[in-house]
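Participant: Have a peek at upload.cif (mmCIF, C-alpha atoms and all ligand atoms).
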```
data_data
#
loop_
_atom_site.label_atom_id
_atom_site.label_comp_id
_atom_site.auth_asym_id
_atom_site.auth_seq_id
_atom_site.Cartn_x
_atom_site.Cartn_y
_atom_site.Cartn_z
CA MET A 166 0.00 0.00 0.00
CA ALA A 167 2.25 2.69 -1.23
CA PHE A 168 1.53 6.22 -0.18
CA VAL A 169 1.92 9.02 -2.68
CA ASN A 170 2.21 12.54 -1.30
CA MET A 171 1.19 14.89 -4.09
CA LYS A 172 2.23 17.94 -2.12
CA SER A 173 5.85 17.02 -1.43
CA LYS A 174 5.97 14.75 -4.50
CA GLU A 175 7.12 11.84 -2.41
CA VAL A 176 6.34 8.12 -2.65
CA GLN A 177 6.74 5.69 0.24
CA ALA A 178 6.71 2.01 -0.60
CA LYS A 179 7.12 -1.03 1.63
CA ILE A 180 9.30 -3.97 0.68
CA VAL A 181 9.30 -7.01 2.98
CA TYR A 182 11.97 -9.72 3.20
CA TYR A 183 10.25 -13.02 4.01
CA GLY A 184 11.53 -16.56 4.49
CA PRO A 185 12.37 -19.32 6.96
CA GLY A 186 14.12 -18.61 10.29
CA ARG A 187 17.90 -18.16 10.06
CA GLY A 188 17.67 -17.91 6.28
CA GLY A 189 19.53 -14.59 6.14
CA LYS A 190 16.85 -11.88 5.91
CA THR A 191 18.39 -9.68 8.60
CA THR A 192 21.86 -10.23 7.12
CA ASN A 193 20.58 -8.91 3.76
CA LEU A 194 19.47 -5.66 5.38
CA GLU A 195 22.69 -5.38 7.38
CA TYR A 196 24.70 -5.70 4.19
CA ILE A 197 22.59 -3.03 2.46
CA TYR A 198 22.96 -0.77 5.46
CA SER A 199 26.75 -1.12 5.53
CA LYS A 200 27.04 -0.71 1.76
CA PHE A 201 24.91 2.44 1.54
CA ARG A 202 25.80 3.88 4.94
CA GLU A 203 26.31 7.41 3.66
CA ARG A 204 22.97 7.48 1.82
CA ILE A 205 20.89 6.15 4.71
CA LYS A 206 20.38 8.92 7.19
CA SER A 207 18.75 7.01 10.03
CA ASP A 208 19.82 3.93 11.96
CA MET A 209 18.58 0.46 11.16
CA VAL A 210 15.92 -0.51 13.68
CA SER A 211 15.99 -4.13 14.83
CA ILE A 212 13.58 -5.61 17.35
CA LYS A 213 15.29 -8.87 18.26
CA THR A 214 15.99 -11.39 21.00
CA HIS A 215 19.29 -11.68 22.86
CA GLY A 216 20.19 -14.49 20.52
CA ASP A 217 19.89 -12.10 17.55
CA ARG A 218 16.74 -13.68 16.20
CA THR A 219 14.25 -11.20 14.80
CA LEU A 220 11.38 -10.81 17.25
CA PHE A 221 9.20 -8.32 15.39
CA PHE A 222 11.00 -6.80 12.42
CA ASP A 223 14.05 -4.98 11.09
CA PHE A 224 13.43 -1.63 9.44
CA LEU A 225 15.65 0.32 7.08
CA PRO A 226 14.43 3.42 5.22
CA PHE A 227 16.21 3.94 1.94
CA ASP A 228 15.98 7.03 -0.30
CA ILE A 229 16.54 6.00 -3.88
CA GLY A 230 16.22 9.44 -5.43
CA LYS A 231 13.82 10.65 -8.08
CA ILE A 232 11.69 8.44 -10.30
CA MET A 233 9.19 10.04 -12.67
CA GLY A 234 9.53 13.28 -10.76
CA TYR A 235 8.82 11.74 -7.37
CA ASP A 236 11.19 11.37 -4.44
CA VAL A 237 11.07 7.66 -3.73
CA LYS A 238 11.51 6.38 -0.19
CA ILE A 239 11.73 2.63 0.08
CA GLN A 240 11.04 1.12 3.47
CA LEU A 241 12.79 -2.22 3.81
CA TYR A 242 11.41 -4.62 6.43
CA THR A 243 12.19 -8.17 7.48
CA VAL A 244 9.76 -10.50 9.21
CA PRO A 245 10.69 -12.92 12.01
CA GLY A 246 11.10 -16.27 10.28
CA GLN A 247 10.52 -18.59 13.22
CA VAL A 248 7.25 -20.49 12.87
CA LYS A 249 5.96 -19.41 16.29
CA TYR A 250 5.99 -15.72 15.34
CA ASP A 251 3.25 -15.98 12.74
CA ALA A 252 1.05 -13.30 14.35
CA THR A 253 3.77 -10.65 14.24
CA ARG A 254 4.85 -11.78 10.78
CA ARG A 255 1.36 -11.08 9.55
CA LEU A 256 1.39 -7.56 11.02
CA VAL A 257 4.61 -6.66 9.21
CA LEU A 258 3.11 -7.82 5.93
CA LYS A 259 0.34 -5.25 6.14
CA GLY A 260 0.52 -2.81 3.27
CA VAL A 261 3.33 -4.63 1.47
CA ASP A 262 4.21 -3.38 -2.03
CA GLY A 263 6.99 -5.79 -2.93
CA MET A 264 8.59 -8.92 -1.45
CA VAL A 265 11.89 -10.76 -1.44
CA PHE A 266 11.68 -14.41 -0.43
CA VAL A 267 15.02 -15.44 1.09
CA ALA A 268 15.41 -19.22 0.85
CA ASP A 269 18.14 -21.15 2.67
CA SER A 270 20.18 -23.25 0.22
CA GLN A 271 21.24 -25.80 2.84
CA VAL A 272 19.95 -29.31 2.14
CA GLU A 273 18.31 -29.70 5.57
CA GLN A 274 16.29 -26.54 5.02
CA ARG A 275 14.51 -27.77 1.91
CA LYS A 276 11.18 -28.43 3.61
CA LYS A 277 11.30 -25.23 5.67
CA ASN A 278 11.65 -23.13 2.52
CA VAL A 279 8.57 -24.68 0.99
CA LEU A 280 6.54 -24.28 4.19
CA SER A 281 7.59 -20.66 4.60
CA LEU A 282 6.60 -19.81 1.02
CA LYS A 283 3.25 -21.46 1.62
CA ASN A 284 2.89 -19.45 4.82
CA LEU A 285 3.57 -16.26 2.84
CA GLN A 286 0.82 -17.16 0.43
CA GLU A 287 -1.62 -17.81 3.31
CA ASN A 288 -0.75 -14.59 5.10
CA LEU A 289 -1.18 -12.54 1.94
CA ALA A 290 -4.57 -14.16 1.44
CA ILE A 291 -5.63 -12.75 4.82
CA TYR A 292 -5.18 -9.31 3.29
CA LYS A 293 -6.91 -10.51 0.13
CA LYS A 294 -3.69 -10.34 -1.83
CA SER A 295 -2.29 -12.95 -4.17
CA ILE A 296 1.31 -14.13 -4.21
CA PHE A 297 0.97 -14.16 -7.99
CA LYS A 298 0.17 -10.45 -8.12
CA VAL A 299 2.40 -8.71 -5.56
CA PRO A 300 5.91 -8.09 -7.00
CA LEU A 301 8.21 -10.87 -5.77
CA VAL A 302 11.85 -11.87 -6.17
CA LEU A 303 13.38 -15.12 -4.92
CA GLN A 304 16.83 -15.27 -3.40
CA TYR A 305 18.66 -18.56 -2.88
CA ASN A 306 20.94 -17.59 -0.05
CA LYS A 307 24.13 -19.00 1.53
CA ARG A 308 25.67 -20.08 -1.79
CA ASP A 309 29.08 -19.19 -0.26
CA LEU A 310 28.89 -22.39 1.81
CA GLU A 311 29.59 -24.40 -1.32
CA LYS A 312 33.23 -23.25 -1.24
CA GLU A 313 33.50 -24.62 2.27
CA GLY A 314 32.54 -28.08 1.13
CA VAL A 315 28.93 -27.95 2.30
CA THR A 316 26.56 -29.69 -0.09
CA LEU A 317 23.80 -27.29 -1.06
CA LEU A 318 20.50 -27.77 -2.79
CA PRO A 319 21.20 -27.45 -6.52
CA MET A 320 19.75 -24.33 -8.12
CA GLU A 321 17.47 -26.52 -10.27
CA THR A 322 15.98 -28.12 -7.16
CA LEU A 323 15.31 -24.75 -5.56
CA GLU A 324 13.76 -23.47 -8.76
CA LYS A 325 11.59 -26.56 -9.01
CA ASP A 326 10.52 -26.43 -5.34
CA LEU A 327 9.81 -22.73 -5.12
CA ASN A 328 9.58 -21.13 -8.53
CA SER A 329 7.90 -23.62 -10.86
CA GLN A 330 4.55 -21.89 -10.61
CA LEU A 331 5.56 -18.37 -9.62
CA LYS A 332 8.14 -17.91 -12.40
CA VAL A 333 9.56 -14.75 -10.85
CA PRO A 334 13.16 -13.46 -11.05
CA SER A 335 15.54 -15.40 -8.80
CA PHE A 336 19.14 -14.94 -7.64
CA PRO A 337 21.74 -17.22 -6.09
CA ALA A 338 23.26 -15.10 -3.34
CA SER A 339 25.29 -14.78 -0.18
CA ALA A 340 24.10 -12.23 2.32
CA VAL A 341 27.35 -12.68 4.25
CA THR A 342 29.71 -11.88 1.36
CA GLY A 343 27.15 -9.55 -0.23
CA GLU A 344 27.05 -11.44 -3.51
CA ASN A 345 23.82 -10.57 -5.37
CA VAL A 346 22.35 -8.79 -2.35
CA VAL A 347 22.20 -5.44 -4.11
CA PRO A 348 20.97 -6.91 -7.44
CA THR A 349 18.19 -8.67 -5.53
CA MET A 350 17.18 -5.38 -3.95
CA LYS A 351 17.41 -3.44 -7.22
CA LYS A 352 15.23 -6.01 -8.95
CA ILE A 353 12.47 -5.85 -6.37
CA ILE A 354 12.57 -2.05 -6.29
CA SER A 355 12.23 -1.89 -10.05
CA LEU A 356 9.35 -4.41 -10.12
CA THR A 357 7.63 -2.52 -7.31
CA MET A 358 8.01 0.85 -9.02
CA THR A 359 6.67 -0.61 -12.27
CA SER A 360 3.61 -1.89 -10.45
CA LEU A 361 3.06 1.58 -8.97
CA GLN A 362 3.28 3.34 -12.31
CA ASN A 363 -0.44 3.78 -12.79
CA VAL A 364 -0.62 5.60 -9.43
CA LEU A 365 2.23 7.93 -10.36
CA LYS A 366 1.03 9.19 -13.69
CA MET B 39 -2.93 -3.48 10.79
CA GLY B 40 -4.79 -5.80 13.11
CA SER B 41 -7.75 -6.08 10.82
CA ASN B 42 -8.01 -8.56 8.04
CA TYR B 43 -8.00 -6.33 5.04
CA ASP B 44 -5.63 -4.18 3.09
CA VAL B 45 -6.39 -1.11 1.06
CA SER B 46 -4.73 -0.45 -2.24
CA ASP B 47 -2.26 2.27 -3.15
CA TYR B 48 -3.56 5.72 -2.52
CA THR B 49 -2.72 9.33 -2.98
CA LEU B 50 -3.67 12.47 -1.14
CA GLY B 51 -3.92 15.72 -3.01
CA GLN B 52 -2.22 18.96 -2.12
CA GLU B 53 -5.41 20.49 -0.78
CA GLN B 54 -6.24 17.57 1.53
CA LEU B 55 -2.70 17.49 2.88
CA GLU B 56 -2.72 21.21 3.51
CA ARG B 57 -5.96 20.92 5.46
CA ILE B 58 -4.50 18.13 7.56
CA GLU B 59 -1.33 20.11 8.24
CA THR B 60 -3.38 23.12 9.25
CA VAL B 61 -5.23 20.99 11.80
CA LEU B 62 -2.00 19.54 13.17
CA THR B 63 -0.45 22.99 13.52
CA GLU B 64 -3.42 24.94 14.84
CA ASP B 65 -4.92 22.36 17.19
CA LEU B 66 -1.81 20.58 18.40
CA ILE B 67 1.46 22.46 17.86
CA ASN B 68 -0.11 25.77 18.87
CA SER B 69 -1.31 24.08 22.08
CA GLY B 70 2.25 23.22 23.06
CA VAL B 71 2.67 19.79 21.47
CA HIS B 72 6.27 19.27 20.31
CA SER B 73 5.49 17.13 17.32
CA ALA B 74 2.41 15.69 15.59
CA LEU B 75 2.49 12.94 13.03
CA LEU B 76 -0.28 11.39 10.95
CA ILE B 77 0.70 7.92 9.75
CA ASP B 78 -1.06 5.02 8.10
CA MET B 79 -1.23 1.51 9.51
CA ALA B 80 1.52 0.34 7.16
CA GLY B 81 3.91 2.84 8.76
CA ASN B 82 3.93 5.51 6.04
CA ILE B 83 4.07 9.16 7.10
CA ILE B 84 1.11 11.10 5.75
CA ALA B 85 1.75 14.47 7.37
CA ARG B 86 4.04 15.84 10.04
CA CYS B 87 4.32 19.11 11.90
CA ASP B 88 6.57 20.14 14.73
CA ASN B 89 7.61 23.18 16.73
CA GLY B 90 10.94 23.35 14.90
CA GLN B 91 12.93 21.88 17.77
CA CYS B 92 12.42 18.16 17.22
CA GLN B 93 15.33 16.06 16.02
CA HIS B 94 13.66 12.66 16.18
CA ASP B 95 13.93 10.04 13.46
CA MET B 96 10.33 10.18 12.29
CA TYR B 97 10.48 7.39 9.71
CA SER B 98 11.63 4.87 12.29
CA LEU B 99 9.12 6.24 14.76
CA ALA B 100 6.30 5.77 12.25
CA ALA B 101 7.36 2.17 11.52
CA LEU B 102 7.54 1.35 15.21
CA ALA B 103 4.33 3.16 16.10
CA SER B 104 2.24 1.37 13.48
CA ALA B 105 3.69 -2.00 14.53
CA ASN B 106 3.18 -1.21 18.22
CA PHE B 107 -0.37 -0.10 17.62
CA ALA B 108 -1.12 -3.25 15.63
CA ALA B 109 0.41 -5.44 18.33
CA VAL B 110 -1.63 -3.78 21.09
CA ASP B 111 -4.76 -3.98 18.95
CA THR B 112 -4.22 -7.72 18.46
CA MET B 113 -3.70 -8.15 22.21
CA ALA B 114 -7.01 -6.38 22.83
CA LYS B 115 -8.79 -8.82 20.53
CA ILE B 116 -7.19 -11.78 22.31
CA VAL B 117 -8.59 -10.69 25.67
CA GLY B 118 -11.96 -9.99 24.08
CA GLU B 119 -11.81 -6.19 23.82
CA GLU B 120 -12.70 -4.29 20.68
CA GLU B 121 -9.74 -1.98 21.34
CA PHE B 122 -7.73 -0.34 24.12
CA SER B 123 -8.66 3.29 23.99
CA LEU B 124 -5.72 4.92 25.75
CA LEU B 125 -2.27 4.41 24.32
CA PHE B 126 0.18 6.59 26.11
CA HIS B 127 3.82 6.33 27.14
CA LYS B 128 5.21 8.64 29.79
CA GLY B 129 8.83 9.65 29.95
CA GLU B 130 11.04 11.96 31.99
CA ASN B 131 10.87 14.79 29.44
CA GLU B 132 8.88 13.55 26.48
CA ASN B 133 5.59 11.70 26.36
CA ILE B 134 4.03 9.99 23.41
CA HIS B 135 0.34 9.51 22.71
CA PHE B 136 -1.32 7.41 20.00
CA SER B 137 -4.83 7.91 18.76
CA LYS B 138 -6.70 6.01 16.10
CA VAL B 139 -8.17 8.38 13.51
CA ASN B 140 -10.02 5.73 11.55
CA ILE B 141 -9.35 2.20 10.36
CA GLU B 142 -6.45 3.33 8.24
CA PHE B 143 -4.78 6.22 10.09
CA LEU B 144 -3.09 6.90 13.38
CA LEU B 145 -2.26 10.23 15.00
CA ILE B 146 0.91 10.39 17.09
CA THR B 147 1.73 13.30 19.34
CA ILE B 148 4.92 13.96 21.26
CA PHE B 149 4.66 16.46 24.10
CA GLY B 150 6.45 17.55 27.26
CA LYS B 151 5.61 18.61 30.81
CA GLU B 152 3.93 21.85 29.74
CA VAL B 153 0.89 20.04 28.38
CA SER B 154 -1.34 17.99 30.68
CA LEU B 155 -2.63 14.65 29.50
CA GLY B 156 -6.20 15.89 29.95
CA LEU B 157 -5.69 18.88 27.68
CA LEU B 158 -3.81 16.78 25.17
CA ARG B 159 -6.60 14.23 24.93
CA LEU B 160 -9.13 16.98 24.40
CA LYS B 161 -7.05 18.60 21.65
CA VAL B 162 -6.33 15.26 20.00
CA ALA B 163 -10.02 14.36 19.97
CA GLU B 164 -10.81 17.66 18.27
CA ALA B 165 -8.04 17.18 15.74
CA VAL B 166 -9.16 13.62 14.96
CA GLU B 167 -12.65 14.83 14.23
CA LYS B 168 -11.38 17.53 11.90
CA ILE B 169 -9.00 15.18 10.11
CA ASN B 170 -11.84 12.73 9.56
CA SER B 171 -13.88 15.45 7.90
CA VAL B 172 -11.11 15.97 5.32
CA TRP B 173 -12.15 12.69 3.65
N1 LIG A 401 27.37 -18.77 5.36
C1 LIG A 401 26.35 -17.93 5.32
N2 LIG A 401 25.71 -17.62 6.47
C2 LIG A 401 24.68 -16.77 6.40
C3 LIG A 401 24.28 -16.16 5.19
N3 LIG A 401 23.25 -15.34 5.46
C4 LIG A 401 23.02 -15.42 6.78
N4 LIG A 401 23.88 -16.26 7.37
C5 LIG A 401 23.97 -16.61 8.79
O1 LIG A 401 22.79 -17.25 9.18
C6 LIG A 401 22.40 -16.86 10.50
C7 LIG A 401 20.99 -16.29 10.49
O2 LIG A 401 20.98 -15.10 9.70
P1 LIG A 401 19.86 -13.97 9.91
O3 LIG A 401 20.11 -12.92 8.89
O4 LIG A 401 19.80 -13.56 11.32
O5 LIG A 401 18.57 -14.83 9.57
P2 LIG A 401 17.06 -14.34 9.57
O6 LIG A 401 16.44 -14.85 8.31
O7 LIG A 401 16.95 -12.89 9.81
O8 LIG A 401 16.48 -15.18 10.81
P3 LIG A 401 15.17 -14.85 11.72
O9 LIG A 401 15.32 -13.45 12.21
O10 LIG A 401 15.14 -15.84 12.81
O11 LIG A 401 14.00 -15.01 10.81
C8 LIG A 401 23.45 -15.85 10.95
O12 LIG A 401 24.38 -16.52 11.74
C9 LIG A 401 24.06 -15.37 9.65
O13 LIG A 401 25.41 -14.97 9.82
C10 LIG A 401 24.99 -16.50 4.00
O14 LIG A 401 24.74 -16.03 2.90
N5 LIG A 401 26.02 -17.39 4.14
MG MG A 402 16.06 -11.78 11.23
#
```
Spell out the structure here as structure tokens.
Facilitator:
Amino acid sequence: MAFVNMKSKEVQAKIVYYGPGRGGKTTNLEYIYSKFRERIKSDMVSIKTHGDRTLFFDFLPFDIGKIMGYDVKIQLYTVPGQVKYDATRRLVLKGVDGMVFVADSQVEQRKKNVLSLKNLQENLAIYKKSIFKVPLVLQYNKRDLEKEGVTLLPMETLEKDLNSQLKVPSFPASAVTGENVVPTMKKIISLTMTSLQNVLK
Amino acid sequence: MGSNYDVSDYTLGQEQLERIETVLTEDLINSGVHSALLIDMAGNIIARCDNGQCQHDMYSLAALASANFAAVDTMAKIVGEEEFSLLFHKGENENIHFSKVNIEFLLITIFGKEVSLGLLRLKVAEAVEKINSVW
């Protein structure tokens, strides 16, 4: 639910990082924050447990400059991935304009990825939104582990499990090294802005 | 945010926003409130006015306030209440007050010792009524 301020010519849009617990959602935002430190004027807000698990959300406001004459402010959020936090996860999803689904490439996480994507679909349905309509990008995270000899789910398996029906853009990535973190973000911003075009005319 | 629906993208025109800002300034800032913020339940800032001396990070505040409001609203439902009417946090120097404008908007005011809670609630109620008449 993007908000367009016709007076100050400003657009605010909400992009939510979703996915299973420990998949790397918070690490994505931390990388973006460190990379664009000088362009992000406020601090990253994280509501988390002592063990660094997201309890409510992370929040990072990001000015991306002018698009079609509007100052665009992107609000990046993460949800808590742990199954038990479904109620808070749902609250963060309210008013979402675009989504990144961060999947964990580790073999043992295969089932959790699928369940989390299904949970996203169900929670969107509560707001009468369809996972097929809201802009979405998939990220297959932790690919760096391959170099350390960890066997990961092959890209084809991840695509088959998660993207066979959705057919949305997807990226192999590593939130820790930063590989494909920024391209993932750029892709979702551009899809989100395209979907807002009719509001901005 | 606690309710099971989601509105679509929306815009507010220059004239509507100016009317809202006038209400925030005349009813709240001129009564001694440090800062007044109209936000939507997704955490977007619709309008903001302050007395020129506030250095707070309003975007983070809006994100946290909408989430906090939604969490409290959900708690109310769990214990069988429609809503909790008074949402107020008291500090040493600054206090913060939340008021639901309608299903989609929230009014946040930050004020100090100079303004009593009673007066604030009165002024906020008046402002809410006026803001609602803008739509
Ligand atoms: N090797 C590797 N580790 C990663 C990567 N991304 C995240 N991690 C690690 O995985 C753990 C969990 O990362 P978080 O970013 O906190 O995961 P999250 O998805 O926010 O988890 P929740 O908040 O519980 O939902 C941390 O120890 C990260 O350092 C990655 O790309 N590669
Ligand atoms: Mg997290």
Participant: List as a VMD selection string the protein and nucleic acid residues near region 70-83 of chain B, meaning an atom at most 7 Å away when all atoms listed in the file are counted, but skip any in the same chain fewer than 4 places from it.
Facilitator: (chain A and resid 168 177 259 to 260) or (chain B and resid 39 62 66 87 to 89 92 100 to 101 104 142 to 149 153)
Participant: Please identify every polymer residue within 6 Å of ligand MG 402 (chain A), using all atoms listed in the file, and present the set as a count of residues only.
Facilitator: 5
Participant: Return the single residue from A:Asp228, A:Asp326, A:Glu321, A:Glu195 that is closest to ligand LIG 401 (chain A), with distances computed using only C-alpha atoms and all ligand atoms.
Facilitator: A:Glu195
Participant: Put the listed atoms of ligand LIG 401 (chain A) in a box along x, y and z with 4 Å added on every side and give me the centre and edge lengths in Å to one decimal, as AutoDock Vina command-line options.
Facilitator:
```
--center_x 20.7 --center_y -15.8 --center_z 7.9 --size_x 21.4 --size_y 13.9 --size_z 17.9
```
Participant: Restricting the calculation to all atoms listed in the file: of A:Asp236, A:Asp251, A:Asp217, A:Glu273, which residue gets closest to ligand LIG 401 (chain A)?
Facilitator: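 So, comparing all the options, the nearest one is A:Asp217.
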Participant: Using all atoms listed in the file, what are the residues with an atom within 7 Å of ligand LIG 401 (chain A), set out as a list of chain:residue names?
Facilitator: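 The residues near ligand LIG 401 (chain A) are A:Gly184, A:Pro185, A:Gly186, A:Arg187, A:Gly188, A:Gly189, A:Lys190, A:Thr191, A:Thr192, A:Asn193, A:Asp217, A:Arg218, A:Thr219, A:Leu220, A:Val244, A:Pro245, A:Gly246, A:Gln247, A:Asn306, A:Lys307, A:Arg308, A:Asp309, A:Leu310, A:Ala338, A:Ser339, A:Ala340, A:Val341, A:Thr342.
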Participant: Those residues with C-alpha atoms, as a PDB file, keeping the file's coordinate frame please?
Facilitator:
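Output file selection_36.pdb is given in full below:
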```pdb
ATOM      1  CA  GLY A 184      11.530 -16.560   4.490  1.00  0.00           C
ATOM      2  CA  PRO A 185      12.370 -19.320   6.960  1.00  0.00           C
ATOM      3  CA  GLY A 186      14.120 -18.610  10.290  1.00  0.00           C
ATOM      4  CA  ARG A 187      17.900 -18.160  10.060  1.00  0.00           C
ATOM      5  CA  GLY A 188      17.670 -17.910   6.280  1.00  0.00           C
ATOM      6  CA  GLY A 189      19.530 -14.590   6.140  1.00  0.00           C
ATOM      7  CA  LYS A 190      16.850 -11.880   5.910  1.00  0.00           C
ATOM      8  CA  THR A 191      18.390  -9.680   8.600  1.00  0.00           C
ATOM      9  CA  THR A 192      21.860 -10.230   7.120  1.00  0.00           C
ATOM     10  CA  ASN A 193      20.580  -8.910   3.760  1.00  0.00           C
ATOM     11  CA  ASP A 217      19.890 -12.100  17.550  1.00  0.00           C
ATOM     12  CA  ARG A 218      16.740 -13.680  16.200  1.00  0.00           C
ATOM     13  CA  THR A 219      14.250 -11.200  14.800  1.00  0.00           C
ATOM     14  CA  LEU A 220      11.380 -10.810  17.250  1.00  0.00           C
ATOM     15  CA  VAL A 244       9.760 -10.500   9.210  1.00  0.00           C
ATOM     16  CA  PRO A 245      10.690 -12.920  12.010  1.00  0.00           C
ATOM     17  CA  GLY A 246      11.100 -16.270  10.280  1.00  0.00           C
ATOM     18  CA  GLN A 247      10.520 -18.590  13.220  1.00  0.00           C
ATOM     19  CA  ASN A 306      20.940 -17.590  -0.050  1.00  0.00           C
ATOM     20  CA  LYS A 307      24.130 -19.000   1.530  1.00  0.00           C
ATOM     21  CA  ARG A 308      25.670 -20.080  -1.790  1.00  0.00           C
ATOM     22  CA  ASP A 309      29.080 -19.190  -0.260  1.00  0.00           C
ATOM     23  CA  LEU A 310      28.890 -22.390   1.810  1.00  0.00           C
ATOM     24  CA  ALA A 338      23.260 -15.100  -3.340  1.00  0.00           C
ATOM     25  CA  SER A 339      25.290 -14.780  -0.180  1.00  0.00           C
ATOM     26  CA  ALA A 340      24.100 -12.230   2.320  1.00  0.00           C
ATOM     27  CA  VAL A 341      27.350 -12.680   4.250  1.00  0.00           C
ATOM     28  CA  THR A 342      29.710 -11.880   1.360  1.00  0.00           C
TER      29      THR A 342
END
```
Participant: Smallest atom-to-atom distance to chain B: which of A:Val237, A:Leu256, A:Leu318, A:Val265, using only C-alpha atoms?
Facilitator: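 Closest residue, counting only C-alpha atoms: A:Leu256.
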Participant: Using only C-alpha atoms, can you tell me which of A:Lys238, A:Lys293, A:His215, A:Lys277 comes closest to chain B?
Facilitator: A:Lys293
Participant: So that each row is one residue of chain A with an atom at most 10 Å from chain B, can you give its shortest atom pair and the distance in Å to one decimal, using all atoms listed in the file, rows by chain and rising number, as a tab-separated table?
Facilitator:
```
residue	atom	partner	partner_atom	distance
A:Met166	CA	B:Asp47	CA	4.5
A:Ala167	CA	B:Asp47	CA	4.9
A:Phe168	CA	B:Tyr48	CA	5.6
A:Val169	CA	B:Thr49	CA	4.7
A:Asn170	CA	B:Leu50	CA	5.9
A:Met171	CA	B:Gly51	CA	5.3
A:Lys172	CA	B:Gln52	CA	4.6
A:Ser173	CA	B:Gln52	CA	8.3
A:Lys174	CA	B:Gln52	CA	9.5
A:Val176	CA	B:Thr49	CA	9.1
A:Gln177	CA	B:Asn82	CA	6.4
A:Ala178	CA	B:Asn82	CA	8.0
A:Lys179	CA	B:Ala80	CA	8.0
A:Lys206	CA	B:Asp95	CA	9.1
A:Ser207	CA	B:Asp95	CA	6.6
A:Asp208	CA	B:Ser98	CA	8.3
A:Met209	CA	B:Ser98	CA	8.3
A:Val210	CA	B:Ser98	CA	7.0
A:Ile212	CA	B:Leu102	CA	9.5
A:Phe221	CA	B:Ala105	CA	8.4
A:Phe222	CA	B:Ala105	CA	9.0
A:Asp223	CA	B:Ala101	CA	9.8
A:Phe224	CA	B:Ser98	CA	7.3
A:Leu225	CA	B:Ser98	CA	8.0
A:Pro226	CA	B:Tyr97	CA	7.2
A:Lys238	CA	B:Asn82	CA	9.9
A:Gln240	CA	B:Asn82	CA	8.7
A:Tyr242	CA	B:Ala101	CA	9.4
A:Ala252	CA	B:Thr112	CA	8.7
A:Thr253	CA	B:Ala109	CA	7.4
A:Arg255	CA	B:Met39	CA	8.8
A:Leu256	CA	B:Met39	CA	5.9
A:Val257	CA	B:Ala105	CA	7.1
A:Leu258	CA	B:Ala80	CA	8.4
A:Lys259	CA	B:Ala80	CA	5.8
A:Gly260	CA	B:Ala80	CA	5.1
A:Val261	CA	B:Ala80	CA	7.8
A:Asp262	CA	B:Asp47	CA	8.7
A:Asn288	CA	B:Asn42	CA	9.9
A:Leu289	CA	B:Asp44	CA	9.5
A:Ala290	CA	B:Tyr43	CA	9.3
A:Ile291	CA	B:Asn42	CA	5.8
A:Tyr292	CA	B:Tyr43	CA	4.5
A:Lys293	CA	B:Tyr43	CA	6.5
A:Lys294	CA	B:Asp44	CA	8.1
A:Leu361	CA	B:Asp47	CA	7.9
A:Asn363	CA	B:Asp47	CA	9.9
A:Val364	CA	B:Asp47	CA	7.3
A:Leu365	CA	B:Thr49	CA	9.0
```
Participant: What is the CA of Phe297 (chain A) to CA of Phe266 (chain A) distance in Å?
Facilitator: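 Pair CA of Phe297 (chain A) / CA of Phe266 (chain A) returns 13.1 Å.
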Participant: In Å, rounded to a single decimal, give me how far CA of Val315 (chain A) is from CA of Leu331 (chain A).
Facilitator: 27.9 Å
Participant: Go ahead and compute the interatomic distance for CA of Gly343 (chain A) and CA of Ser199 (chain A), in Å to one decimal.
Facilitator: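 Straight-line distance from CA of Gly343 (chain A) to CA of Ser199 (chain A) works out to 10.2 Å.
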Participant: Name the residues in contact with region 157-169 of chain B at a cut-off of 6 Å, using all atoms listed in the file, excluding same-chain residues fewer than 3 positions from it; report them as number ranges by chain.
Facilitator: B: 58, 139, 154, 172
Participant: Rank nothing, just name the residue among A:Phe227, A:Asp269, A:Tyr305, A:Val299 nearest to Leu241 (chain A), using only C-alpha atoms.
Facilitator: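 Ranking A:Phe227, A:Asp269, A:Tyr305, A:Val299 by distance to Leu241 (chain A), first place goes to A:Phe227.
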Participant: Point out the residue among A:Glu287, A:Val347, A:Val333, A:Pro300 with the least atom-to-atom distance to Thr359 (chain A), counting all atoms listed in the file.
Facilitator: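 Once distances to Thr359 (chain A) are computed over all atoms listed in the file, the minimum belongs to A:Pro300.
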Participant: For Glu121 (chain B), list every protein, DNA or RNA residue within 10 Å, evaluated using only C-alpha atoms, and leave out those in the same chain fewer than 6 positions away; present the list as a ChimeraX atom specification.
Facilitator: /B:110-115
Participant: Let's have the selection written as a PDB file, in the coordinates of the input, with C-alpha atoms.
Facilitator:
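Generated output (part34.pdb):
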```pdb
ATOM      1  CA  VAL B 110      -1.630  -3.780  21.090  1.00  0.00           C
ATOM      2  CA  ASP B 111      -4.760  -3.980  18.950  1.00  0.00           C
ATOM      3  CA  THR B 112      -4.220  -7.720  18.460  1.00  0.00           C
ATOM      4  CA  MET B 113      -3.700  -8.150  22.210  1.00  0.00           C
ATOM      5  CA  ALA B 114      -7.010  -6.380  22.830  1.00  0.00           C
ATOM      6  CA  LYS B 115      -8.790  -8.820  20.530  1.00  0.00           C
TER       7      LYS B 115
END
```
